[in-house]
$ cat upload.cif   # mmCIF, C-alpha atoms and all ligand atoms
data_final
#
loop_
_atom_site.label_atom_id
_atom_site.label_comp_id
_atom_site.auth_asym_id
_atom_site.auth_seq_id
_atom_site.Cartn_x
_atom_site.Cartn_y
_atom_site.Cartn_z
CA MET F 1 -127.22 -18.79 -80.89
CA ASP F 2 -130.60 -20.36 -81.53
CA ILE F 3 -132.09 -20.75 -78.03
CA ARG F 4 -135.04 -23.10 -77.55
CA ILE F 5 -136.75 -23.49 -74.18
CA PHE F 6 -138.79 -26.56 -73.23
CA LYS F 7 -140.81 -27.55 -70.17
CA ASN F 8 -138.70 -30.48 -69.08
CA GLU F 9 -135.91 -32.87 -70.05
CA ALA F 10 -138.32 -35.38 -71.65
CA GLU F 11 -139.45 -32.72 -74.13
CA ILE F 12 -135.84 -31.80 -74.85
CA GLY F 13 -134.93 -35.46 -75.36
CA ALA F 14 -137.65 -35.78 -77.99
CA ALA F 15 -136.77 -32.51 -79.73
CA ALA F 16 -133.00 -33.02 -79.74
CA GLY F 17 -133.39 -36.71 -80.57
CA LYS F 18 -135.61 -35.83 -83.53
CA LEU F 19 -133.07 -33.28 -84.73
CA PHE F 20 -130.35 -35.97 -84.74
CA CYS F 21 -132.57 -38.60 -86.40
CA ASP F 22 -133.67 -36.14 -89.11
CA PHE F 23 -130.03 -35.27 -89.68
CA VAL F 24 -129.03 -38.92 -90.07
CA ASN F 25 -131.94 -39.57 -92.42
CA GLU F 26 -130.81 -36.66 -94.58
CA LYS F 27 -127.15 -37.69 -94.53
CA PRO F 28 -126.93 -41.42 -93.68
CA ASP F 29 -123.11 -41.44 -93.68
CA CYS F 30 -122.76 -38.35 -91.49
CA VAL F 31 -120.23 -37.81 -88.69
CA LEU F 32 -121.75 -37.30 -85.24
CA GLY F 33 -119.96 -35.80 -82.26
CA LEU F 34 -121.34 -37.31 -79.07
CA ALA F 35 -121.34 -36.42 -75.38
CA THR F 36 -121.65 -38.26 -72.09
CA GLY F 37 -123.20 -37.26 -68.77
CA ALA F 38 -126.77 -37.49 -67.50
CA THR F 39 -128.05 -34.71 -69.78
CA PRO F 40 -127.98 -36.53 -73.15
CA VAL F 41 -129.61 -39.73 -71.84
CA PRO F 42 -133.22 -38.76 -72.77
CA THR F 43 -131.96 -37.77 -76.23
CA TYR F 44 -130.18 -41.11 -76.62
CA ASN F 45 -133.31 -42.93 -75.44
CA TYR F 46 -135.40 -41.16 -78.07
CA ILE F 47 -132.85 -42.01 -80.80
CA ALA F 48 -132.83 -45.68 -79.71
CA GLU F 49 -136.64 -45.76 -79.80
CA GLN F 50 -136.68 -44.33 -83.32
CA TYR F 51 -134.14 -46.93 -84.43
CA ALA F 52 -136.18 -49.73 -82.81
CA ALA F 53 -139.25 -48.45 -84.67
CA GLY F 54 -137.36 -48.70 -87.98
CA LYS F 55 -137.39 -44.93 -88.54
CA VAL F 56 -133.63 -44.40 -88.81
CA SER F 57 -130.46 -46.41 -89.40
CA PHE F 58 -126.93 -45.75 -88.16
CA LYS F 59 -125.17 -48.42 -90.21
CA ASP F 60 -123.08 -45.88 -92.15
CA VAL F 61 -122.81 -43.24 -89.43
CA LYS F 62 -119.44 -42.39 -87.90
CA THR F 63 -119.11 -41.03 -84.36
CA PHE F 64 -116.51 -39.27 -82.26
CA ASN F 65 -116.88 -38.76 -78.54
CA LEU F 66 -115.76 -35.65 -76.75
CA ASP F 67 -113.69 -37.04 -73.92
CA GLU F 68 -112.52 -39.94 -71.81
CA TYR F 69 -111.08 -40.36 -68.33
CA CYS F 70 -107.38 -41.08 -67.93
CA ASP F 71 -106.05 -43.98 -65.85
CA LEU F 72 -109.23 -46.02 -66.24
CA PRO F 73 -109.48 -49.18 -68.38
CA LYS F 74 -111.53 -48.54 -71.52
CA THR F 75 -114.09 -51.15 -70.49
CA HIS F 76 -114.37 -50.10 -66.83
CA LYS F 77 -118.01 -49.55 -65.89
CA ASN F 78 -117.37 -45.82 -65.42
CA SER F 79 -115.47 -45.18 -68.64
CA TYR F 80 -117.21 -42.94 -71.13
CA TYR F 81 -116.76 -45.70 -73.72
CA THR F 82 -118.84 -48.05 -71.54
CA PHE F 83 -121.38 -45.28 -71.02
CA MET F 84 -121.83 -44.91 -74.77
CA ILE F 85 -122.07 -48.67 -75.34
CA GLU F 86 -124.72 -49.01 -72.62
CA ASN F 87 -126.75 -45.88 -73.33
CA LEU F 88 -126.65 -45.77 -77.11
CA PHE F 89 -124.32 -47.87 -79.25
CA SER F 90 -125.62 -51.29 -78.16
CA LYS F 91 -129.15 -50.18 -79.05
CA LEU F 92 -128.36 -49.18 -82.66
CA ASP F 93 -127.06 -50.82 -85.84
CA LEU F 94 -123.94 -48.67 -85.56
CA ASN F 95 -120.72 -50.37 -86.67
CA LEU F 96 -118.32 -50.17 -83.70
CA ASP F 97 -115.44 -49.80 -86.19
CA ASN F 98 -116.97 -46.40 -86.96
CA VAL F 99 -116.79 -45.26 -83.33
CA GLY F 100 -113.99 -42.84 -82.51
CA PHE F 101 -112.76 -42.36 -78.95
CA LEU F 102 -109.83 -40.65 -77.31
CA ASP F 103 -107.55 -43.13 -75.53
CA GLY F 104 -107.38 -41.98 -71.91
CA ASN F 105 -104.48 -44.33 -71.31
CA ALA F 106 -102.32 -43.14 -74.20
CA ALA F 107 -98.66 -43.00 -73.17
CA ASP F 108 -98.17 -39.91 -75.33
CA PRO F 109 -101.18 -37.57 -75.01
CA GLU F 110 -99.87 -35.24 -77.72
CA ALA F 111 -99.56 -38.06 -80.23
CA GLU F 112 -103.03 -39.25 -79.23
CA SER F 113 -104.41 -35.76 -79.81
CA ALA F 114 -102.83 -35.63 -83.27
CA ARG F 115 -104.21 -39.07 -84.09
CA TYR F 116 -107.73 -38.03 -83.07
CA ALA F 117 -107.63 -34.78 -85.05
CA ALA F 118 -106.36 -36.65 -88.13
CA ASP F 119 -109.03 -39.33 -87.74
CA ILE F 120 -111.81 -36.72 -87.52
CA ALA F 121 -110.42 -34.81 -90.51
CA SER F 122 -110.12 -38.01 -92.58
CA LYS F 123 -113.85 -38.61 -92.10
CA GLY F 124 -114.63 -35.09 -93.32
CA GLY F 125 -115.01 -33.39 -89.93
CA ILE F 126 -117.88 -33.50 -87.46
CA ASP F 127 -121.24 -32.59 -89.02
CA ILE F 128 -123.17 -32.16 -85.79
CA GLN F 129 -121.79 -32.11 -82.25
CA LEU F 130 -123.88 -32.76 -79.15
CA LEU F 131 -122.73 -31.00 -75.97
CA GLY F 132 -123.72 -30.78 -72.33
CA ILE F 133 -122.39 -28.11 -70.00
CA GLY F 134 -120.68 -28.35 -66.62
CA ARG F 135 -121.82 -26.30 -63.63
CA ASN F 136 -118.72 -24.17 -64.08
CA GLY F 137 -119.39 -23.62 -67.79
CA HIS F 138 -117.10 -26.37 -69.05
CA ILE F 139 -117.79 -28.14 -72.32
CA ALA F 140 -116.38 -31.63 -72.83
CA PHE F 141 -113.64 -31.41 -70.16
CA ASN F 142 -112.45 -27.93 -71.10
CA GLU F 143 -112.40 -26.36 -67.68
CA PRO F 144 -112.38 -22.59 -66.98
CA ALA F 145 -108.91 -21.32 -67.86
CA ASP F 146 -106.91 -18.28 -68.92
CA GLU F 147 -107.05 -19.23 -72.60
CA PHE F 148 -109.36 -21.19 -74.86
CA THR F 149 -107.88 -24.59 -75.69
CA GLY F 150 -107.12 -25.76 -79.22
CA GLU F 151 -107.18 -29.42 -80.22
CA SER F 152 -107.51 -32.46 -77.97
CA HIS F 153 -105.31 -32.58 -74.90
CA LYS F 154 -104.89 -34.04 -71.42
CA ILE F 155 -106.43 -31.94 -68.66
CA LYS F 156 -106.49 -31.90 -64.85
CA LEU F 157 -110.10 -31.84 -63.69
CA THR F 158 -111.27 -29.07 -61.36
CA ASP F 159 -112.73 -29.62 -57.89
CA SER F 160 -116.18 -28.61 -59.20
CA THR F 161 -116.11 -31.33 -61.85
CA ILE F 162 -114.71 -33.93 -59.46
CA GLU F 163 -117.47 -33.12 -56.97
CA ALA F 164 -120.16 -33.34 -59.66
CA ASN F 165 -118.96 -36.58 -61.25
CA SER F 166 -117.60 -38.54 -58.29
CA ILE F 167 -121.13 -39.70 -57.43
CA TYR F 168 -120.74 -42.19 -60.28
CA PHE F 169 -117.59 -43.77 -58.80
CA ASP F 170 -118.55 -46.16 -56.02
CA ASP F 171 -115.64 -48.62 -56.16
CA ILE F 172 -112.56 -46.56 -57.02
CA PRO F 173 -111.65 -42.87 -56.62
CA MET F 174 -112.66 -40.75 -59.58
CA PRO F 175 -109.80 -40.12 -62.02
CA ARG F 176 -108.21 -36.67 -61.70
CA TYR F 177 -107.24 -36.37 -65.35
CA ALA F 178 -109.02 -36.76 -68.67
CA MET F 179 -108.36 -36.53 -72.39
CA THR F 180 -110.72 -34.10 -74.06
CA MET F 181 -111.39 -32.53 -77.40
CA GLY F 182 -110.31 -28.90 -77.20
CA ILE F 183 -112.44 -25.84 -77.78
CA GLY F 184 -110.77 -25.47 -81.19
CA SER F 185 -111.79 -29.00 -82.20
CA ILE F 186 -115.37 -28.46 -80.98
CA MET F 187 -115.73 -25.14 -82.80
CA LYS F 188 -114.81 -26.85 -86.09
CA SER F 189 -118.07 -28.84 -85.97
CA LYS F 190 -120.44 -27.65 -88.66
CA LYS F 191 -123.41 -27.62 -86.28
CA ILE F 192 -123.49 -27.70 -82.47
CA VAL F 193 -126.38 -28.72 -80.23
CA LEU F 194 -125.93 -27.98 -76.52
CA ILE F 195 -128.42 -29.26 -73.96
CA ALA F 196 -128.68 -27.97 -70.39
CA THR F 197 -131.28 -29.08 -67.88
CA GLY F 198 -131.90 -28.34 -64.21
CA ALA F 199 -131.35 -25.40 -61.87
CA SER F 200 -127.75 -26.44 -61.17
CA LYS F 201 -126.88 -25.33 -64.71
CA ALA F 202 -128.70 -21.97 -64.60
CA GLU F 203 -125.62 -19.87 -63.66
CA ALA F 204 -123.47 -21.51 -66.33
CA VAL F 205 -126.23 -21.04 -68.93
CA LYS F 206 -126.55 -17.36 -68.05
CA ALA F 207 -122.79 -16.87 -68.38
CA MET F 208 -122.72 -18.81 -71.66
CA ILE F 209 -125.51 -16.77 -73.28
CA ASN F 210 -125.48 -13.35 -71.63
CA GLY F 211 -121.91 -13.07 -70.38
CA PRO F 212 -118.75 -12.04 -72.21
CA VAL F 213 -116.94 -14.55 -74.42
CA THR F 214 -114.25 -15.67 -72.02
CA PRO F 215 -112.25 -18.83 -71.33
CA GLN F 216 -113.43 -18.47 -67.72
CA CYS F 217 -116.75 -19.77 -69.11
CA PRO F 218 -115.60 -22.09 -71.92
CA ALA F 219 -119.15 -22.53 -73.25
CA SER F 220 -119.38 -18.78 -73.96
CA ILE F 221 -117.30 -19.39 -77.12
CA LEU F 222 -120.47 -20.82 -78.67
CA GLN F 223 -121.69 -17.22 -79.07
CA GLN F 224 -119.19 -17.11 -81.95
CA HIS F 225 -120.32 -20.34 -83.65
CA GLU F 226 -122.37 -19.86 -86.83
CA ASP F 227 -124.82 -22.68 -86.12
CA ALA F 228 -125.22 -23.36 -82.40
CA VAL F 229 -128.60 -24.51 -81.09
CA ILE F 230 -129.16 -24.39 -77.33
CA PHE F 231 -131.88 -26.59 -75.80
CA LEU F 232 -132.84 -25.54 -72.27
CA ASP F 233 -135.48 -26.61 -69.81
CA GLU F 234 -137.23 -23.91 -67.78
CA ALA F 235 -135.00 -24.48 -64.74
CA ALA F 236 -131.76 -24.10 -66.71
CA ALA F 237 -133.17 -21.00 -68.42
CA SER F 238 -134.43 -19.45 -65.18
CA LEU F 239 -131.69 -16.78 -64.91
CA LEU F 240 -131.88 -15.57 -68.52
C1 LIG F 301 -119.02 -34.01 -67.73
C2 LIG F 301 -118.66 -34.21 -69.21
C3 LIG F 301 -119.32 -33.20 -70.07
C4 LIG F 301 -120.74 -33.02 -69.60
C5 LIG F 301 -120.78 -32.38 -68.26
C6 LIG F 301 -122.16 -32.31 -67.64
O1 LIG F 301 -117.97 -33.81 -66.91
N1 LIG F 301 -117.27 -34.25 -69.50
O2 LIG F 301 -119.25 -33.59 -71.43
O3 LIG F 301 -121.45 -32.19 -70.49
O4 LIG F 301 -119.85 -32.94 -67.39
O5 LIG F 301 -122.60 -33.55 -67.20
P1 LIG F 301 -124.09 -33.86 -66.80
O6 LIG F 301 -124.85 -33.91 -68.07
O7 LIG F 301 -124.06 -35.20 -66.11
O8 LIG F 301 -124.53 -32.76 -65.93
#

$ encode --input "upload.cif" --output "structure tokens"
Amino acid sequence: MDIRIFKNEAEIGAAAGKLFCDFVNEKPDCVLGLATGATPVPTYNYIAEQYAAGKVSFKDVKTFNLDEYCDLPKTHKNSYYTFMIENLFSKLDLNLDNVGFLDGNAADPEAESARYAADIASKGGIDIQLLGIGRNGHIAFNEPADEFTGESHKIKLTDSTIEANSIYFDDIPMPRYAMTMGIGSIMKSKKIVLIATGASKAEAVKAMINGPVTPQCPASILQQHEDAVIFLDEAAASLL
């Protein structure tokens, strides 16, 4: 793991955003794996600024997102698809036909998982995957479990995740299920960039970096990835 510590989330946004823009400039038709949550927002803002300044283009880039809530219309204001449109896609010259998303309303989650894996493989696999981390060490929606997950699947969210994310749901109850890329799908990415900011992530960060590799802390699997870069602010790194 390549661990980089910054003063605050603005500095991380610039550093991680630059890493992604440099990557796209080197490989303009690359495949990006993208994440939702509050953590990547400064990174997305930096990328959008670079695009607005004419420093990078996404017209040939393909993207795949990590996860999506179940039982929520795709265009609901709290869907992860809407989050990506609002926070990034609408600000770039990205072709929406090149945007890959899991269908949280798929009648057959297994078939949907197979479709997603085949779609990713047909584009050559994910070149660089952005990740956040949950307070319980989850990545995407892979919650602590007895075994590491494989490919995409439907998952029941834990109380910790429901508590953390329900602040965003002011009109309807937060969904209890989600479709998520599995740990196996994430580990296939050629490069992984995980960002963690704030004291609420310090325990999870410590377990991810210094703890054993265990499905009880899904992010700990990144210790075994050949090219994982971890961006931390001082608060998230405070227990290392
Ligand atoms: C969510 C997402 C994850 C995200 C994590 C942390 O539940 N499924 O992809 O990394 O929780 O979110 P935040 O960045 O808002 O703390």

$ closest_residue --input "upload.cif" --among "F:Lys188, F:Arg135, F:Lys156, F:Lys77" --to "ligand LIG 301 (chain F)" --atoms "only C-alpha atoms and all ligand atoms"
F:Arg135

$ residues_near_ligand --input "upload.cif" --ligand "ligand LIG 301 (chain F)" --cutoff "10 Å" --atoms "only C-alpha atoms and all ligand atoms" --output "number ranges by chain"
F: 34-41, 65-69, 80, 130-143, 157-158, 160-166, 168, 178-181, 194-198, 200-201

$ closest_residue --input "upload.cif" --among "F:Glu49, F:Glu151, F:Asp108, F:Glu234" --to "Asn8 of chain F" --atoms "all atoms listed in the file"
F:Glu234

$ closest_residue --input "upload.cif" --among "F:Met208, F:Ile126, F:Ala121, F:Ala48" --to "Ile85 of chain F" --atoms "all atoms listed in the file"
F:Ala48

$ residues_near_point --input "upload.cif" --point "(-118.4, -47.3, -84.9)" --cutoff "10 Å" --atoms "only C-alpha atoms" --output "list in words"
Phe58, Lys59, Asp60, Val61, Lys62, Thr63, Phe64, Phe89, Asp93, Leu94, Asn95, Leu96, Asp97, Asn98, Val99, Gly100 and Phe101 of chain F

$ closest_residue --input "upload.cif" --among "F:Asp71, F:Glu110, F:Glu26, F:Glu226" --to "Met174 of chain F" --atoms "only C-alpha atoms"
F:Asp71

$ atom_distance --input "upload.cif" --atom1 "atom CA of Gly150 of chain F" --atom2 "atom CA of Met187 of chain F"
9.3 Å

$ axis_aligned_box --input "upload.cif" --around "segment 9-15 of chain F" --padding-each-side "6 Å" --output "AutoDock Vina command-line options"
--center_x -137.2 --center_y -33.8 --center_z -74.9 --size_x 16.5 --size_y 16.0 --size_z 21.7

$ atom_distance --input "upload.cif" --atom1 "atom CA of Leu72 of chain F" --atom2 "atom CA of Glu86 of chain F"
17.0 Å

$ closest_residue --input "upload.cif" --among "F:Ala199, F:Cys217, F:Val193, F:Ile128" --to "Ile3 of chain F" --atoms "only C-alpha atoms"
F:Val193

$ atom_distance --input "upload.cif" --atom1 "atom CA of Gly124 of chain F" --atom2 "atom CA of Val213 of chain F"
28.0 Å

$ decode --input "upload.cif" --residues "segment 51-73 of chain F" --atoms "N, CA and C atoms" --output "mmCIF file, in the first residue's frame"
data_model
loop_
_atom_site.group_PDB
_atom_site.id
_atom_site.type_symbol
_atom_site.label_atom_id
_atom_site.label_comp_id
_atom_site.auth_asym_id
_atom_site.auth_seq_id
_atom_site.Cartn_x
_atom_site.Cartn_y
_atom_site.Cartn_z
ATOM 1 N N TYR F 51 -11.463 20.083 -16.191
ATOM 2 C CA TYR F 51 -12.174 19.975 -17.469
ATOM 3 C C TYR F 51 -12.608 21.368 -17.949
ATOM 4 N N ALA F 52 -13.173 22.158 -17.032
ATOM 5 C CA ALA F 52 -13.655 23.503 -17.399
ATOM 6 C C ALA F 52 -12.502 24.373 -17.896
ATOM 7 N N ALA F 53 -11.310 24.115 -17.377
ATOM 8 C CA ALA F 53 -10.132 24.891 -17.796
ATOM 9 C C ALA F 53 -9.511 24.333 -19.076
ATOM 10 N N GLY F 54 -10.115 23.306 -19.651
ATOM 11 C CA GLY F 54 -9.620 22.749 -20.916
ATOM 12 C C GLY F 54 -8.380 21.885 -20.765
ATOM 13 N N LYS F 55 -8.150 21.397 -19.526
ATOM 14 C CA LYS F 55 -6.908 20.628 -19.287
ATOM 15 C C LYS F 55 -7.083 19.124 -19.474
ATOM 16 N N VAL F 56 -8.314 18.667 -19.630
ATOM 17 C CA VAL F 56 -8.550 17.224 -19.751
ATOM 18 C C VAL F 56 -9.907 17.011 -20.420
ATOM 19 N N SER F 57 -10.026 15.924 -21.159
ATOM 20 C CA SER F 57 -11.315 15.593 -21.780
ATOM 21 C C SER F 57 -11.714 14.163 -21.436
ATOM 22 N N PHE F 58 -13.014 13.968 -21.257
ATOM 23 C CA PHE F 58 -13.543 12.644 -20.898
ATOM 24 C C PHE F 58 -14.387 12.060 -22.020
ATOM 25 N N LYS F 59 -14.227 12.581 -23.240
ATOM 26 C CA LYS F 59 -15.163 12.190 -24.298
ATOM 27 C C LYS F 59 -15.030 10.721 -24.685
ATOM 28 N N ASP F 60 -13.869 10.114 -24.459
ATOM 29 C CA ASP F 60 -13.706 8.699 -24.789
ATOM 30 C C ASP F 60 -13.560 7.814 -23.552
ATOM 31 N N VAL F 61 -13.749 8.414 -22.382
ATOM 32 C CA VAL F 61 -13.599 7.662 -21.128
ATOM 33 C C VAL F 61 -14.851 6.833 -20.864
ATOM 34 N N LYS F 62 -14.641 5.638 -20.306
ATOM 35 C CA LYS F 62 -15.765 4.810 -19.879
ATOM 36 C C LYS F 62 -15.747 4.720 -18.353
ATOM 37 N N THR F 63 -16.904 4.656 -17.735
ATOM 38 C CA THR F 63 -16.942 4.593 -16.266
ATOM 39 C C THR F 63 -17.857 3.463 -15.787
ATOM 40 N N PHE F 64 -17.521 2.960 -14.623
ATOM 41 C CA PHE F 64 -18.389 2.002 -13.929
ATOM 42 C C PHE F 64 -18.474 2.433 -12.475
ATOM 43 N N ASN F 65 -19.670 2.515 -11.946
ATOM 44 C CA ASN F 65 -19.804 2.860 -10.532
ATOM 45 C C ASN F 65 -19.880 1.615 -9.669
ATOM 46 N N LEU F 66 -19.495 1.805 -8.421
ATOM 47 C CA LEU F 66 -19.389 0.673 -7.507
ATOM 48 C C LEU F 66 -20.718 0.054 -7.114
ATOM 49 N N ASP F 67 -21.739 0.906 -6.899
ATOM 50 C CA ASP F 67 -22.926 0.368 -6.237
ATOM 51 C C ASP F 67 -24.148 1.245 -6.477
ATOM 52 N N GLU F 68 -25.289 0.705 -6.139
ATOM 53 C CA GLU F 68 -26.548 1.446 -6.264
ATOM 54 C C GLU F 68 -27.559 0.860 -5.288
ATOM 55 N N TYR F 69 -28.392 1.738 -4.728
ATOM 56 C CA TYR F 69 -29.446 1.271 -3.833
ATOM 57 C C TYR F 69 -30.472 0.440 -4.586
ATOM 58 N N CYS F 70 -31.077 -0.501 -3.882
ATOM 59 C CA CYS F 70 -32.205 -1.255 -4.423
ATOM 60 C C CYS F 70 -33.499 -0.521 -4.056
ATOM 61 N N ASP F 71 -34.548 -0.818 -4.797
ATOM 62 C CA ASP F 71 -35.897 -0.316 -4.495
ATOM 63 C C ASP F 71 -35.965 1.205 -4.483
ATOM 64 N N LEU F 72 -35.206 1.828 -5.366
ATOM 65 C CA LEU F 72 -35.197 3.281 -5.500
ATOM 66 C C LEU F 72 -35.135 3.562 -7.005
ATOM 67 N N PRO F 73 -36.048 4.418 -7.534
ATOM 68 C CA PRO F 73 -35.952 4.706 -8.966
ATOM 69 C C PRO F 73 -34.578 5.274 -9.311
#
